[in-house]
file start.txt (compact mmCIF, C-alpha atoms)
# COMPACT_ATOMS: atom_id res chain seq x y z
CA MET H 7 9.78 76.05 -203.03
CA ASN H 8 6.26 77.21 -202.09
CA GLU H 9 5.38 78.97 -198.89
CA PRO H 10 6.23 76.77 -195.90
CA LEU H 11 3.35 75.21 -193.99
CA LEU H 12 5.07 75.67 -190.67
CA VAL H 13 8.45 76.94 -189.56
CA PHE H 14 9.87 75.85 -186.22
CA ARG H 15 12.54 78.18 -184.89
CA GLU H 16 15.11 78.15 -182.11
CA ILE H 17 14.04 74.82 -180.62
CA GLU H 18 15.99 74.18 -177.43
CA LYS H 19 15.78 71.22 -175.11
CA SER H 20 17.95 69.94 -172.32
CA PHE H 21 17.77 66.96 -169.97
CA SER H 22 19.46 66.98 -166.57
CA GLY H 23 21.66 69.89 -167.55
CA SER H 24 22.72 68.36 -170.85
CA GLN H 25 21.71 70.40 -173.91
CA ILE H 26 20.15 68.06 -176.52
CA LEU H 27 18.82 70.63 -178.99
CA CYS H 28 20.49 74.04 -179.32
CA GLY H 29 18.36 76.37 -181.43
CA VAL H 30 17.16 74.02 -184.16
CA ASP H 31 15.30 75.62 -187.10
CA LEU H 32 13.14 73.52 -189.43
CA SER H 33 10.77 74.53 -192.23
CA LEU H 34 8.06 72.14 -193.41
CA TYR H 35 6.68 72.40 -196.95
CA PRO H 36 3.59 70.72 -198.41
CA GLY H 37 4.37 67.66 -200.50
CA LYS H 38 8.03 67.65 -199.45
CA CYS H 39 9.99 65.07 -197.53
CA ILE H 40 12.77 65.73 -195.02
CA LEU H 41 15.09 63.02 -193.79
CA LEU H 42 16.74 63.45 -190.40
CA SER H 43 19.72 61.30 -189.62
CA GLY H 44 22.14 61.22 -186.72
CA LYS H 45 23.63 58.93 -184.13
CA ASN H 46 21.48 57.15 -181.56
CA GLY H 47 20.46 59.38 -178.66
CA VAL H 48 21.32 62.58 -180.50
CA GLY H 49 17.76 63.90 -180.08
CA LYS H 50 15.93 63.02 -183.31
CA THR H 51 12.92 61.52 -181.54
CA ILE H 52 12.74 64.40 -179.05
CA LEU H 53 12.79 66.87 -181.95
CA LEU H 54 9.90 65.09 -183.67
CA LYS H 55 7.92 64.92 -180.41
CA ILE H 56 8.41 68.64 -179.82
CA ILE H 57 7.17 69.36 -183.36
CA ALA H 58 4.17 67.09 -182.70
CA GLY H 59 3.39 68.81 -179.40
CA LEU H 60 4.04 65.68 -177.36
CA GLU H 61 7.16 67.00 -175.62
CA ILE H 62 7.57 70.44 -174.11
CA PRO H 63 10.68 72.32 -175.31
CA ASP H 64 12.70 74.66 -173.13
CA LEU H 65 12.28 77.21 -175.89
CA ALA H 66 10.73 77.21 -179.38
CA LYS H 67 8.84 79.42 -181.75
CA ILE H 68 6.40 78.49 -184.50
CA GLU H 69 5.85 80.56 -187.62
CA ILE H 70 2.52 80.13 -189.37
CA SER H 71 1.74 82.18 -192.51
CA GLY H 72 4.60 84.56 -191.72
CA LYS H 73 3.45 85.20 -188.15
CA THR H 74 5.68 84.01 -185.33
CA ASN H 75 4.24 82.75 -182.05
CA SER H 76 5.72 81.08 -179.02
CA TRP H 77 5.49 77.28 -179.01
CA GLU H 78 3.12 77.34 -176.02
CA LYS H 79 0.73 79.68 -177.81
CA ALA H 80 0.71 77.96 -181.20
CA VAL H 81 1.02 74.30 -180.27
CA ARG H 82 -2.69 73.70 -179.68
CA SER H 83 -3.66 74.66 -183.24
CA VAL H 84 -0.54 73.16 -184.81
CA ARG H 85 -1.05 69.81 -183.08
CA LYS H 86 -4.25 69.23 -185.09
CA GLU H 87 -2.28 69.32 -188.34
CA ILE H 88 0.55 67.01 -187.27
CA ILE H 89 0.66 63.28 -186.54
CA TYR H 90 3.63 61.53 -185.04
CA LEU H 91 4.24 57.82 -185.70
CA HIS H 92 6.38 55.82 -183.29
CA GLN H 93 9.22 53.59 -184.41
CA HIS H 94 7.27 50.64 -183.02
CA PRO H 95 3.64 51.71 -183.29
CA ILE H 96 1.29 50.85 -180.48
CA MET H 97 -1.93 49.09 -181.41
CA PHE H 98 -5.00 49.64 -179.25
CA SER H 99 -6.73 46.50 -177.94
CA SER H 100 -9.30 46.25 -180.72
CA THR H 101 -9.66 45.27 -184.35
CA VAL H 102 -7.73 46.81 -187.21
CA GLU H 103 -10.77 48.76 -188.37
CA SER H 104 -11.39 50.15 -184.87
CA ASN H 105 -7.75 51.23 -184.69
CA VAL H 106 -8.03 52.93 -188.06
CA ALA H 107 -11.28 54.64 -187.00
CA TYR H 108 -9.86 55.87 -183.66
CA GLY H 109 -9.10 59.46 -184.64
CA LEU H 110 -12.31 59.90 -186.63
CA ARG H 111 -14.32 60.03 -183.39
CA PHE H 112 -13.03 63.56 -182.96
CA ALA H 113 -13.82 64.66 -186.52
CA SER H 114 -17.23 66.07 -187.33
CA LEU H 115 -18.44 63.06 -189.32
CA ASN H 116 -21.59 61.00 -188.90
CA ARG H 117 -21.52 57.22 -188.49
CA LYS H 118 -22.04 56.53 -192.21
CA GLN H 119 -19.30 58.93 -193.28
CA ARG H 120 -16.93 57.38 -190.74
CA ARG H 121 -17.71 53.89 -192.04
CA GLU H 122 -17.04 54.99 -195.63
CA SER H 123 -13.78 56.67 -194.66
CA VAL H 124 -12.58 53.57 -192.82
CA ASP H 125 -13.46 51.26 -195.72
CA GLU H 126 -11.70 53.57 -198.16
CA ALA H 127 -8.60 53.82 -195.96
CA LEU H 128 -8.40 50.05 -195.41
CA GLU H 129 -8.58 49.56 -199.16
CA TRP H 130 -5.96 52.28 -199.73
CA ALA H 131 -3.50 50.42 -197.50
CA GLY H 132 -4.48 46.91 -198.63
CA LEU H 133 -5.73 46.03 -195.15
CA THR H 134 -9.30 45.02 -196.01
CA ASP H 135 -8.54 41.32 -195.49
CA VAL H 136 -7.37 41.88 -191.90
CA ALA H 137 -9.96 44.52 -190.98
CA LYS H 138 -11.70 42.32 -188.42
CA LYS H 139 -8.54 40.89 -186.87
CA GLN H 140 -7.19 42.00 -183.50
CA ALA H 141 -4.49 44.55 -184.37
CA LYS H 142 -2.12 43.38 -181.63
CA THR H 143 -1.92 39.89 -183.13
CA LEU H 144 -0.53 41.12 -186.46
CA SER H 145 3.11 41.21 -187.54
CA GLY H 146 5.25 44.33 -187.04
CA GLY H 147 5.10 45.25 -190.72
CA VAL H 148 1.30 45.05 -190.88
CA GLN H 149 1.01 46.97 -187.61
CA GLN H 150 3.15 49.72 -189.14
CA ARG H 151 0.74 49.86 -192.11
CA VAL H 152 -2.21 50.04 -189.71
CA ALA H 153 -0.47 52.95 -187.95
CA PHE H 154 0.08 54.70 -191.31
CA THR H 155 -3.56 54.19 -192.25
CA ARG H 156 -4.75 55.39 -188.83
CA ALA H 157 -2.82 58.60 -189.50
CA TRP H 158 -3.62 58.92 -193.21
CA ILE H 159 -7.38 58.74 -192.63
CA LEU H 160 -7.17 62.00 -190.65
CA LYS H 161 -5.51 63.78 -193.58
CA PRO H 162 -2.86 65.59 -191.53
CA LYS H 163 -0.75 68.25 -193.20
CA VAL H 164 2.43 66.95 -191.58
CA LEU H 165 3.41 63.37 -190.82
CA LEU H 166 6.39 62.69 -188.57
CA LEU H 167 7.81 59.18 -188.89
CA ASP H 168 10.33 57.84 -186.41
CA GLU H 169 12.42 55.09 -188.02
CA PRO H 170 9.44 53.82 -190.04
CA MET H 171 11.31 50.93 -191.65
CA ALA H 172 13.32 49.69 -188.68
CA ASN H 173 13.29 45.89 -188.32
CA MET H 174 11.17 45.36 -191.44
CA ASP H 175 11.65 42.67 -194.04
CA HIS H 176 12.08 43.60 -197.69
CA GLU H 177 8.40 43.12 -198.60
CA SER H 178 7.12 45.24 -195.70
CA ARG H 179 9.68 47.94 -196.54
CA GLU H 180 8.48 48.03 -200.14
CA GLN H 181 4.81 48.29 -199.06
CA THR H 182 5.65 51.01 -196.55
CA TYR H 183 7.65 52.91 -199.15
CA GLN H 184 4.71 52.86 -201.57
CA LEU H 185 2.43 54.26 -198.85
CA LEU H 186 4.94 57.06 -198.20
CA VAL H 187 5.08 57.92 -201.90
CA ARG H 188 1.29 58.17 -202.00
CA MET H 189 1.20 60.30 -198.87
CA LYS H 190 3.75 62.69 -200.32
CA SER H 191 1.87 62.84 -203.63
CA ALA H 192 -1.27 63.73 -201.69
CA GLY H 193 0.53 66.87 -200.47
CA MET H 194 1.52 65.75 -197.00
CA SER H 195 4.75 67.09 -195.57
CA LEU H 196 6.86 64.18 -194.35
CA VAL H 197 9.66 64.23 -191.80
CA ILE H 198 11.43 60.92 -191.43
CA THR H 199 14.16 59.93 -189.02
CA SER H 200 16.29 57.03 -190.17
CA HIS H 201 19.81 55.65 -190.25
CA PHE H 202 19.13 54.20 -193.68
CA MET H 203 19.18 56.91 -196.36
CA GLN H 204 19.02 54.29 -199.11
CA TYR H 205 15.44 53.26 -198.18
CA PHE H 206 14.12 56.75 -198.87
CA GLU H 207 16.29 57.95 -201.77
CA GLY H 208 13.37 58.32 -204.18
CA ILE H 209 11.26 60.58 -202.00
CA VAL H 210 13.61 62.69 -199.88
CA ASP H 211 13.92 66.38 -200.82
CA GLN H 212 16.20 67.48 -197.99
CA HIS H 213 18.56 65.48 -195.83
CA PHE H 214 19.65 66.95 -192.49
CA GLN H 215 22.00 65.48 -189.96
CA LEU H 216 21.40 66.26 -186.32
CA LYS H 217 24.79 66.79 -184.72
CA ASN H 218 25.77 68.54 -181.50
CA GLY H 219 22.21 69.77 -181.04
CA ALA H 220 21.97 71.49 -184.45
CA LEU H 221 20.78 70.52 -187.94
CA GLU H 222 23.34 70.32 -190.71
CA LEU H 223 22.11 70.20 -194.33
CA LYS H 224 23.64 67.15 -196.02
CA SER H 225 21.84 67.19 -199.36
CA LYS H 226 19.00 68.87 -201.20
CA SER H 227 17.20 67.88 -204.40
CA MET R 2 -15.77 18.04 -131.97
CA ASN R 3 -19.45 17.11 -132.06
CA GLY R 4 -20.32 20.63 -130.92
CA LEU R 5 -18.35 22.13 -133.82
CA LEU R 6 -20.05 19.82 -136.32
CA LEU R 7 -23.45 20.65 -134.90
CA THR R 8 -22.75 24.38 -135.04
CA THR R 9 -21.50 24.13 -138.62
CA GLN R 10 -24.64 22.18 -139.53
CA GLN R 11 -26.77 24.92 -137.96
CA ALA R 12 -24.74 27.54 -139.83
CA LEU R 13 -25.33 25.83 -143.17
CA GLN R 14 -29.01 25.51 -142.32
CA LEU R 15 -29.19 29.27 -141.68
CA LEU R 16 -27.49 29.92 -145.01
CA PHE R 17 -29.52 27.60 -147.18
CA THR R 18 -32.93 28.18 -145.60
CA GLY R 19 -32.54 31.87 -146.39
CA ASP R 20 -32.57 33.11 -142.79
CA PRO R 21 -33.85 36.71 -143.18
CA GLU R 22 -31.71 38.18 -140.39
CA LEU R 23 -28.52 36.60 -141.72
CA TRP R 24 -29.14 37.59 -145.32
CA SER R 25 -30.11 41.14 -144.38
CA ILE R 26 -26.68 41.46 -142.73
CA VAL R 27 -24.98 40.09 -145.86
CA LEU R 28 -26.95 42.46 -148.11
CA LEU R 29 -26.16 45.44 -145.92
CA SER R 30 -22.46 44.60 -145.99
CA PHE R 31 -22.42 44.39 -149.78
CA SER R 32 -24.55 47.52 -150.15
CA VAL R 33 -22.24 49.65 -147.97
CA SER R 34 -18.98 48.30 -149.42
CA LEU R 35 -20.15 48.47 -153.04
CA LYS R 36 -21.22 52.10 -152.59
CA ALA R 37 -17.86 52.89 -150.98
CA ILE R 38 -15.81 51.28 -153.75
CA LEU R 39 -17.92 52.75 -156.57
CA LEU R 40 -17.71 56.25 -155.13
CA THR R 41 -13.96 56.01 -154.54
CA THR R 42 -12.75 54.33 -157.73
CA PRO R 43 -13.14 57.17 -160.28
CA PHE R 44 -11.42 59.76 -158.10
CA ALA R 45 -8.69 57.33 -156.99
CA PHE R 46 -7.85 56.40 -160.60
CA LEU R 47 -7.78 60.07 -161.57
CA VAL R 48 -5.19 60.62 -158.83
CA SER R 49 -3.28 57.53 -160.05
CA PHE R 50 -3.25 58.93 -163.55
CA ALA R 51 -2.13 62.38 -162.40
CA LEU R 52 0.71 60.83 -160.41
CA SER R 53 1.68 58.64 -163.34
CA HIS R 54 1.51 61.19 -166.16
CA GLY R 55 1.82 64.49 -164.33
CA LYS R 56 4.99 66.47 -164.06
CA PHE R 57 4.93 68.30 -160.75
CA PRO R 58 7.22 68.35 -157.73
CA GLY R 59 6.61 66.03 -154.80
CA ILE R 60 5.22 63.06 -156.75
CA ARG R 61 7.58 60.63 -155.00
CA ILE R 62 6.61 61.95 -151.58
CA ILE R 63 2.89 61.67 -152.37
CA LEU R 64 3.42 58.10 -153.59
CA ALA R 65 5.36 57.22 -150.44
CA ILE R 66 2.47 58.56 -148.34
CA PHE R 67 -0.09 56.48 -150.26
CA ASN R 68 2.08 53.38 -149.98
CA SER R 69 2.47 53.81 -146.23
CA LEU R 70 -1.30 54.28 -145.88
CA LEU R 71 -1.86 50.84 -147.42
CA SER R 72 -1.30 49.18 -144.10
CA VAL R 73 -3.02 51.69 -141.84
CA PRO R 74 -5.04 49.84 -139.13
CA THR R 75 -8.79 50.15 -139.61
CA VAL R 76 -9.35 51.03 -135.96
CA VAL R 77 -7.15 54.09 -136.42
CA ILE R 78 -9.38 55.30 -139.25
CA GLY R 79 -12.39 54.41 -137.11
CA LEU R 80 -11.01 56.38 -134.16
CA PHE R 81 -10.09 59.34 -136.36
CA LEU R 82 -13.59 59.47 -137.84
CA TYR R 83 -15.22 58.93 -134.47
CA VAL R 84 -13.45 62.01 -133.10
CA LEU R 85 -14.58 64.01 -136.12
CA LEU R 86 -18.18 62.79 -136.17
CA THR R 87 -18.98 62.59 -132.47
CA ARG R 88 -21.48 65.18 -131.17
CA GLN R 89 -18.67 67.26 -129.71
CA GLY R 90 -16.52 66.86 -132.84
CA PRO R 91 -16.10 69.38 -135.67
CA PHE R 92 -18.64 67.52 -137.85
CA GLY R 93 -20.96 66.49 -135.02
CA ASP R 94 -23.79 68.66 -136.33
CA LEU R 95 -24.02 66.45 -139.40
CA ARG R 96 -25.23 63.60 -137.15
CA LEU R 97 -23.45 60.98 -139.18
CA LEU R 98 -22.11 58.87 -136.34
CA PHE R 99 -23.61 55.34 -136.28
CA THR R 100 -25.03 55.66 -139.79
CA GLN R 101 -24.37 53.79 -143.02
CA THR R 102 -23.09 57.05 -144.51
CA ALA R 103 -20.36 57.16 -141.86
CA MET R 104 -19.45 53.53 -142.64
CA ILE R 105 -19.27 54.35 -146.35
CA ILE R 106 -17.03 57.38 -145.68
CA GLY R 107 -14.77 55.27 -143.47
CA GLN R 108 -14.50 52.50 -146.05
CA MET R 109 -13.82 55.08 -148.77
CA ILE R 110 -10.90 56.41 -146.75
CA LEU R 111 -9.68 52.85 -146.22
CA CYS R 112 -9.74 51.77 -149.87
CA PHE R 113 -8.57 55.08 -151.38
CA PRO R 114 -4.81 54.51 -150.86
CA THR R 115 -5.13 50.91 -152.10
CA LEU R 116 -6.85 52.03 -155.29
CA VAL R 117 -4.41 54.90 -155.87
CA ALA R 118 -1.29 52.77 -155.29
CA LEU R 119 -2.46 49.77 -157.35
CA GLY R 120 -3.98 52.04 -160.00
CA TYR R 121 -0.67 53.90 -160.25
CA ALA R 122 1.24 50.62 -160.68
CA ALA R 123 -1.20 49.53 -163.40
CA ILE R 124 -1.02 52.81 -165.31
CA GLN R 125 2.76 52.98 -164.96
CA ALA R 126 2.93 49.54 -166.57
CA ALA R 127 1.01 50.84 -169.59
CA ASP R 128 3.20 51.87 -172.47
CA ARG R 129 3.68 55.65 -172.65
CA ARG R 130 3.06 55.32 -176.41
CA VAL R 131 -0.64 54.64 -175.73
CA TRP R 132 -1.09 58.16 -174.35
CA GLU R 133 1.09 59.72 -177.07
CA THR R 134 -0.69 57.86 -179.87
CA ALA R 135 -4.10 58.86 -178.58
CA ARG R 136 -3.04 62.51 -178.26
CA THR R 137 -1.40 62.67 -181.69
CA LEU R 138 -4.52 61.15 -183.27
CA GLY R 139 -6.51 64.09 -181.95
CA ALA R 140 -8.02 62.62 -178.79
CA PRO R 141 -8.57 65.21 -176.06
CA PRO R 142 -6.72 64.57 -172.78
CA TRP R 143 -9.74 63.03 -171.02
CA PHE R 144 -10.34 60.55 -173.86
CA SER R 145 -6.64 59.73 -174.07
CA MET R 146 -6.76 58.95 -170.34
CA LEU R 147 -9.75 56.65 -170.88
CA THR R 148 -7.82 54.95 -173.69
CA VAL R 149 -4.94 54.30 -171.28
CA PHE R 150 -7.43 52.98 -168.69
CA PHE R 151 -8.93 50.64 -171.29
CA GLU R 152 -5.51 49.26 -172.20
CA VAL R 153 -4.84 48.36 -168.54
CA ARG R 154 -8.45 47.51 -167.64
CA PHE R 155 -7.66 44.08 -166.18
CA ALA R 156 -5.03 45.47 -163.82
CA LEU R 157 -7.40 48.28 -162.81
CA LEU R 158 -10.20 45.80 -162.19
CA ALA R 159 -7.81 43.75 -160.07
CA ALA R 160 -7.11 46.91 -158.04
CA VAL R 161 -10.85 47.43 -157.53
CA LEU R 162 -11.32 43.81 -156.40
CA THR R 163 -8.40 44.10 -153.97
CA GLY R 164 -9.87 47.31 -152.56
CA PHE R 165 -13.30 45.72 -152.25
CA GLY R 166 -11.81 42.70 -150.47
CA ARG R 167 -10.11 45.02 -148.00
CA ILE R 168 -13.22 47.02 -147.08
CA ILE R 169 -15.80 44.24 -146.92
CA SER R 170 -13.64 42.31 -144.46
CA GLU R 171 -12.71 45.26 -142.20
CA ILE R 172 -14.19 45.54 -138.72
CA GLY R 173 -12.54 48.51 -136.98
CA ILE R 174 -14.34 51.24 -138.92
CA SER R 175 -17.72 49.48 -139.00
CA MET R 176 -17.67 48.79 -135.29
CA MET R 177 -16.49 52.23 -134.18
CA ILE R 178 -18.52 54.52 -136.40
CA GLY R 179 -21.27 52.13 -137.51
CA GLY R 180 -22.21 51.04 -134.03
CA ASN R 181 -23.44 47.55 -135.01
CA ILE R 182 -27.13 48.52 -135.00
CA MET R 183 -29.27 45.58 -136.16
CA GLY R 184 -30.91 46.14 -139.54
CA TYR R 185 -29.12 49.45 -140.01
CA THR R 186 -25.35 49.28 -139.50
CA ARG R 187 -24.70 45.66 -138.56
CA ASN R 188 -22.57 44.08 -141.24
CA ILE R 189 -20.89 40.69 -141.61
CA THR R 190 -17.77 41.42 -139.57
CA THR R 191 -19.47 43.25 -136.68
CA ALA R 192 -22.14 40.54 -136.53
CA ILE R 193 -19.50 37.79 -136.35
CA ALA R 194 -17.73 39.60 -133.49
CA MET R 195 -20.99 40.12 -131.59
CA GLU R 196 -22.35 36.57 -132.06
CA THR R 197 -19.01 35.11 -131.00
CA SER R 198 -18.91 37.26 -127.86
CA LYS R 199 -22.42 35.98 -127.03
CA GLY R 200 -21.27 32.40 -127.49
CA GLU R 201 -23.70 31.88 -130.40
CA PHE R 202 -21.46 30.56 -133.07
CA ALA R 203 -23.91 29.31 -135.73
CA GLN R 204 -24.68 32.71 -137.26
CA GLY R 205 -21.04 33.75 -136.87
CA ILE R 206 -19.86 30.67 -138.76
CA ALA R 207 -22.50 31.16 -141.44
CA LEU R 208 -21.39 34.76 -141.98
CA GLY R 209 -17.76 33.65 -141.86
CA LEU R 210 -18.51 31.17 -144.64
CA VAL R 211 -19.97 33.98 -146.76
CA LEU R 212 -16.77 36.01 -146.27
CA LEU R 213 -14.60 32.98 -147.03
CA LEU R 214 -16.58 32.24 -150.18
CA LEU R 215 -16.23 35.85 -151.23
CA SER R 216 -12.50 35.69 -150.57
CA PHE R 217 -12.17 32.57 -152.75
CA LEU R 218 -14.21 34.17 -155.50
CA LEU R 219 -12.15 37.36 -155.46
CA THR R 220 -8.90 35.36 -155.52
CA ALA R 221 -10.14 33.25 -158.43
CA LEU R 222 -11.20 36.36 -160.31
CA LEU R 223 -7.86 38.06 -159.63
CA SER R 224 -5.99 34.99 -160.91
CA TYR R 225 -8.16 35.00 -164.02
CA LEU R 226 -7.48 38.70 -164.57
CA GLN R 227 -3.77 38.17 -163.95
CA GLY R 228 -3.82 35.62 -166.77
CA HIS R 229 -5.51 38.15 -169.03
CA LYS R 230 -2.93 40.78 -168.14
CA GLU R 231 -0.07 38.47 -169.02
CA PHE R 232 -1.78 37.59 -172.30
CA ALA R 233 -2.29 41.25 -173.12
CA ALA R 234 1.37 42.00 -172.40

call {"tool": "encode", "arguments": {"input": "start.txt", "output": "structure tokens"}}
result
Amino acid sequence: MNEPLLVFREIEKSFSGSQILCGVDLSLYPGKCILLSGKNGVGKTILLKIIAGLEIPDLAKIEISGKTNSWEKAVRSVRKEIIYLHQHPIMFSSTVESNVAYGLRFASLNRKQRRESVDEALEWAGLTDVAKKQAKTLSGGVQQRVAFTRAWILKPKVLLLDEPMANMDHESREQTYQLLVRMKSAGMSLVITSHFMQYFEGIVDQHFQLKNGALELKSKS
Amino acid sequence: MNGLLLTTQQALQLLFTGDPELWSIVLLSFSVSLKAILLTTPFAFLVSFALSHGKFPGIRIILAIFNSLLSVPTVVIGLFLYVLLTRQGPFGDLRLLFTQTAMIIGQMILCFPTLVALGYAAIQAADRRVWETARTLGAPPWFSMLTVFFEVRFALLAAVLTGFGRIISEIGISMMIGGNIMGYTRNITTAIAMETSKGEFAQGIALGLVLLLLSFLLTALLSYLQGHKEFAA
């Protein structure tokens, strides 16, 4: 494997005296996909949120280009490179194209460049037909694609997906899978939590199981 | 009965002929209460947001204090401010007693707990994922907060309307620290009290009708917003 993009070390987290994560280590590589499995409530979502900078760990370290920093010190810069997608994505009260354009407000692009990026992203995800529709009125599968596109447009280095295919029909799963393949091919590092290994067989490079607060390597390709 | 009909007729006449004294009182009331609500709302919602999304000790105690302040009598706030603003008081040198500024300060204190408590309830009802999605998509904290506000805008607007309804209909503060000075601090409620005590009911009824109309309008608007909130959910 190449040099890792980011290495998270010794992640610890407890709630009300109960230790959820006990020194988890995880290395993220460009263009690679990690699958995290484990029972409900074992801490998969918490782990992803800590990596995304949305949850504060009790302890964690982040290694970037061989240099190790505390989570608190490194999280601000790391957060810019990572996007976390919820199991059931939330749509803002606006159109699909406004949702997709949301994160671009904070990128240094002018109005024309933003417009072009949004059009390109909508086409990439096959969402051009619903661009003007209110995002909240769309089906769960289409909302998931909007969420993917909203993340993809920002070109993050790492994408964290929490149960991305939960409650999807076969067609939506197939469309979502194709988007994941394209994201991986574009060099994004993917971390997916799921109970369903079979949905991701073609793209997963490493499969870890989260058990008793630690990651256990189940398979590697 | 005839007397009541006659007085109501006179009241309507005052309203529809554009009686300058009556309408100046109405305008003053709206001017003072609008300034109070506009000045209070941003800070109150910031506090609501901090209580909702912050992680610091004592949040429950602070919330309990705000909830208990919801029903504080207006005369108590009026008395409290009077003691502070009177010539012999700690802020007497500011010469704010019997001014519109004092009325605005009093009404701000009155509506602040209402806005914080209702704002907190509205923000709490918003899905935590809104904040997390905004943050993960690169929005800075202040913009993420505005995104959350936008998602619960109808509930927040309902909080503002409730707060406005509370302050425009209060009398204790306006009477005690406004002083009911004609053309300067006389508002709808103090004018109604004064006209009634003089036995001149026509202007009192006319002003009462304005307050009633306002109350109906606010209720209708709140019902409309409630419908929107349910739709959005």

call {"tool": "residues_around", "arguments": {"input": "start.txt", "residues": "R:Leu147", "least_positions_apart": "5", "cutoff": "10 Å", "atoms": "all atoms listed in the file", "output": "list of chain:residue names"}}
result
R:Trp132, R:Ala135, R:Pro142, R:Glu152, R:Val153, R:Arg154

call {"tool": "interface_residues", "arguments": {"input": "start.txt", "of": "chain H", "to": "chain R", "cutoff": "7 Å", "atoms": "only C-alpha atoms", "output": "list in words"}}
result
Leu60, Lys86, Ile89, Tyr90, Ile96, Ser99, Gly109, Phe112 and Ala157 of chain H

call {"tool": "atom_distance", "arguments": {"input": "start.txt", "atom1": "atom CA of R:Lys36", "atom2": "atom CA of R:Arg88"}}
result
25.1 Å

call {"tool": "residues_near_point", "arguments": {"input": "start.txt", "point": "(-19.4, 40.7, -149.5)", "cutoff": "8 Å", "atoms": "only C-alpha atoms", "output": "ChimeraX atom specification"}}
result
/R:27-28,30-31,34,166,169-170,211-212,215

call {"tool": "closest_residue", "arguments": {"input": "start.txt", "among": "R:Ala51, R:Ala194, R:Ile206, R:Leu16", "to": "R:Glu171", "atoms": "only C-alpha atoms"}}
result
R:Ala194

call {"tool": "atom_distance", "arguments": {"input": "start.txt", "atom1": "atom CA of H:Lys45", "atom2": "atom CA of H:Gln181"}}
result
26.3 Å

call {"tool": "closest_residue", "arguments": {"input": "start.txt", "among": "H:Glu18, H:Glu9, H:Asp31, H:Asp125", "to": "H:Leu223", "atoms": "all atoms listed in the file"}}
result
H:Asp31
